[in-house]
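Enquirer: Would you mind keeping the following structure in view while I ask a few things?
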Amino acid sequence: MIYVGIDDTDTADTPGTNQLARALVRRVAGCYRSVLIIRHQLLDDPRVPYTSHNGSASILLEPRNGCRIEPLIDELRAGMREWFVPGSDPGLCVAATVPPAVIEFGRRCQRELVTQQEARDLAARHGAHLEGLGGSEGGVIGALAAVGLAAGANDGRVVHIGDWPDDLAGPQPIAALHGRGVQVWRLDTMQTVARGVVDVGKHLRPNFRQQRIVLFVQPANGDCPLFPTPDWQAVRLT
């Protein structure tokens, strides 16, 4: 698995980091298969400069036919430079192996302030590719954090799954979710839900938990006029 992290790629009036992640996946699709795109919530603090809510994104890729990591980095860099908008401070991280220290760094970025130098020193010690691509280059912090959190496999909201289109909305049979590799768990008991219909909302947005893609649900209130009548309502978590 190749872990890619991107952060601080947009401004208030431009397309967001998740859209860039999808564009990058399309750009490298010939040599790398997209497994997941995940949004990670970092520290929401007024001392941290960010566009909205301080989220970063990770991309999990599988190489096709022996594709190497160096051309991948070149393509990702070129794609991010094409996307660059003044006022953003983008960072890019790419790693084939992610040690526990980087996973813990990602968790720290959800709890406390860290510096660019900490991120750069840590990446250099462990052989992760980390670079800034404009502005203050502050996105290197979130990019490395995204790689760590993705490798920890217990964080974030999944915004894209494999080669599937982002087309599921409203009431969906649980069997259809299973077909895309999504497990359904009841939020209050953490028990698996195997049957029924879930109202997933405007878009299917499960979470990445315990190395699984999980949609958390609660019983529907019965007042929804949609057809088929849902048994469960998706719960949106970070």
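Naming works like this for the structure tokens: A, B, ... for the chains as they're shown, residue 1 at the start of each chain, ligands 1 onward in shown order.
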At most 8 Å is the cut-off: for each residue in region 97-139 of chain A with any atom that close to an atom of region 81-90 of chain A, write down the nearest atom pair and the distance in Å rounded to one decimal, counting only C-alpha atoms, chain first then increasing number, as JSON lines.
Expert:
```
{"residue": "A:Gly132", "atom": "CA", "partner": "A:Pro90", "partner_atom": "CA", "distance": 5.9}
{"residue": "A:Leu133", "atom": "CA", "partner": "A:Pro90", "partner_atom": "CA", "distance": 5.4}
{"residue": "A:Gly134", "atom": "CA", "partner": "A:Asp89", "partner_atom": "CA", "distance": 5.3}
{"residue": "A:Gly135", "atom": "CA", "partner": "A:Asp89", "partner_atom": "CA", "distance": 4.5}
{"residue": "A:Ser136", "atom": "CA", "partner": "A:Asp89", "partner_atom": "CA", "distance": 5.3}
{"residue": "A:Glu137", "atom": "CA", "partner": "A:Asp89", "partner_atom": "CA", "distance": 4.7}
{"residue": "A:Gly138", "atom": "CA", "partner": "A:Asp89", "partner_atom": "CA", "distance": 5.5}
{"residue": "A:Gly139", "atom": "CA", "partner": "A:Pro90", "partner_atom": "CA", "distance": 4.6}
```
Enquirer: Include C-alpha atoms and write out the residues we just selected as a PDB file, in the first residue's frame.
Expert:
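Dumped everything to part17.pdb:
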```pdb
ATOM      1  CA  GLY A 132       5.599  21.992   0.639  1.00  0.00           C
ATOM      2  CA  LEU A 133       4.299  23.216  -2.697  1.00  0.00           C
ATOM      3  CA  GLY A 134       3.569  26.885  -2.179  1.00  0.00           C
ATOM      4  CA  GLY A 135       2.762  29.660   0.239  1.00  0.00           C
ATOM      5  CA  SER A 136       4.004  29.111   3.762  1.00  0.00           C
ATOM      6  CA  GLU A 137       4.128  25.332   3.106  1.00  0.00           C
ATOM      7  CA  GLY A 138       2.169  24.841   6.320  1.00  0.00           C
ATOM      8  CA  GLY A 139       0.297  21.953   4.731  1.00  0.00           C
TER       9      GLY A 139
END
```
Enquirer: To test your reading of the structure, identify every residue in region 13-182 of chain A that backbone DSSP assigns to alpha helix (DSSP H), and report it as a compact mmCIF listing (two decimals) with C-alpha atoms, in the first residue's frame.
Expert:
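Result written to states34.txt:
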```txt
# COMPACT_ATOMS: atom_id res chain seq x y z
CA THR A 17 -8.97 19.16 -0.72
CA ASN A 18 -11.30 16.16 -1.20
CA GLN A 19 -11.95 17.24 -4.79
CA LEU A 20 -8.22 17.55 -5.39
CA ALA A 21 -7.73 14.06 -3.97
CA ARG A 22 -10.21 12.68 -6.51
CA ALA A 23 -8.43 14.54 -9.31
CA LEU A 24 -5.08 13.10 -8.24
CA VAL A 25 -6.54 9.59 -8.18
CA ARG A 26 -7.74 10.04 -11.75
CA ARG A 27 -4.34 11.38 -12.77
CA ILE A 69 6.92 5.33 -6.16
CA GLU A 70 9.21 7.99 -7.68
CA PRO A 71 7.07 8.59 -10.81
CA LEU A 72 4.01 8.67 -8.54
CA ILE A 73 5.52 11.51 -6.49
CA ASP A 74 6.29 13.41 -9.69
CA GLU A 75 2.70 13.05 -10.93
CA LEU A 76 1.19 14.04 -7.59
CA ARG A 77 3.45 17.08 -7.37
CA ALA A 78 2.56 18.16 -10.91
CA GLY A 79 -1.14 17.74 -10.22
CA MET A 80 -0.98 19.78 -7.04
CA ARG A 81 0.98 22.54 -8.74
CA GLU A 82 -1.62 22.75 -11.49
CA TRP A 83 -4.29 23.01 -8.79
CA PRO A 100 4.39 3.98 14.80
CA ALA A 101 6.05 7.38 15.34
CA VAL A 102 4.25 8.83 12.30
CA ILE A 103 0.94 7.29 13.37
CA GLU A 104 1.36 8.92 16.78
CA PHE A 105 2.25 12.23 15.09
CA GLY A 106 -1.11 12.11 13.32
CA ARG A 107 -2.88 11.62 16.63
CA ARG A 108 -0.92 14.46 18.20
CA GLN A 116 6.55 22.38 10.40
CA GLN A 117 10.03 21.55 11.61
CA GLU A 118 8.73 18.67 13.73
CA ALA A 119 6.92 17.27 10.69
CA ARG A 120 9.94 17.65 8.41
CA ASP A 121 12.37 16.14 10.90
CA LEU A 122 10.09 13.17 11.56
CA ALA A 123 9.54 12.49 7.86
CA ALA A 124 13.29 12.68 7.18
CA ARG A 125 14.08 10.23 9.99
CA HIS A 126 11.66 7.65 8.65
CA GLY A 139 0.30 21.95 4.73
CA VAL A 140 3.25 19.65 5.37
CA ILE A 141 1.95 19.19 8.92
CA GLY A 142 -1.49 17.99 7.89
CA ALA A 143 -0.10 15.94 4.99
CA LEU A 144 2.15 13.91 7.30
CA ALA A 145 -0.65 13.66 9.87
CA ALA A 146 -3.02 12.29 7.22
CA VAL A 147 -0.54 9.56 6.30
CA GLY A 148 -0.15 8.60 9.94
CA LEU A 149 -3.87 8.55 10.64
CA ALA A 150 -4.62 6.52 7.52
CA ALA A 151 -1.94 3.98 8.41
CA GLY A 152 -3.40 3.73 11.90
CA ILE A 174 -27.81 -2.81 3.53
CA ALA A 175 -26.96 -5.47 0.95
CA ALA A 176 -26.00 -2.69 -1.50
CA LEU A 177 -23.64 -1.22 1.10
CA HIS A 178 -22.11 -4.62 1.74
CA GLY A 179 -21.52 -4.88 -2.00
```
Enquirer: Which residues are close to region 60-68 of chain A, i.e. within 6 Å by only C-alpha atoms, leaving aside same-chain residues fewer than 4 positions away? Reply as a ChimeraX atom specification.
Expert: /A:1-3,31-36
Enquirer: Can those selected residues be exported to a file as a compact mmCIF listing (two decimals), in the first residue's frame so that it contains N, CA and C atoms?
Expert:
```txt
# COMPACT_ATOMS: atom_id res chain seq x y z
N MET A 1 0.84 -1.19 0.00
CA MET A 1 0.00 0.00 0.00
C MET A 1 0.88 1.25 0.00
N ILE A 2 0.47 2.25 -0.77
CA ILE A 2 1.13 3.55 -0.77
C ILE A 2 0.18 4.54 -0.10
N TYR A 3 0.71 5.27 0.88
CA TYR A 3 -0.08 6.26 1.61
C TYR A 3 0.29 7.66 1.12
N CYS A 31 -1.36 3.66 -13.29
CA CYS A 31 -0.35 2.89 -12.57
C CYS A 31 -0.74 2.55 -11.13
N TYR A 32 -1.74 3.24 -10.59
CA TYR A 32 -2.10 3.02 -9.20
C TYR A 32 -3.61 2.93 -9.06
N ARG A 33 -4.07 1.91 -8.38
CA ARG A 33 -5.50 1.74 -8.13
C ARG A 33 -5.87 2.42 -6.82
N SER A 34 -6.91 3.22 -6.86
CA SER A 34 -7.38 3.88 -5.66
C SER A 34 -8.12 2.89 -4.76
N VAL A 35 -7.74 2.85 -3.49
CA VAL A 35 -8.42 2.02 -2.52
C VAL A 35 -9.41 2.85 -1.71
N LEU A 36 -8.93 3.94 -1.14
CA LEU A 36 -9.78 4.82 -0.33
C LEU A 36 -9.27 6.25 -0.43
```
Enquirer: Tell me, in Å to one decimal, how far CA of Glu131 (chain A) is from CA of Ile59 (chain A).
Expert: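 Answer for the CA of Glu131 (chain A) to CA of Ile59 (chain A) separation: 16.2 Å.
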Enquirer: For each of A:Leu187, A:Leu130, A:Val94, A:Leu215, take the minimum atom-to-atom distance to Gln172 (chain A), counting only C-alpha atoms, then give the residue where this is smallest.
Expert: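 Residue with the minimum atom-to-atom distance to Gln172 (chain A): A:Leu215.
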Enquirer: Grab the CA of Lys202 (chain A) to CA of His160 (chain A) distance for me, in Å with one decimal place.
Expert: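 That distance, rounded to one decimal, is 14.0 Å.
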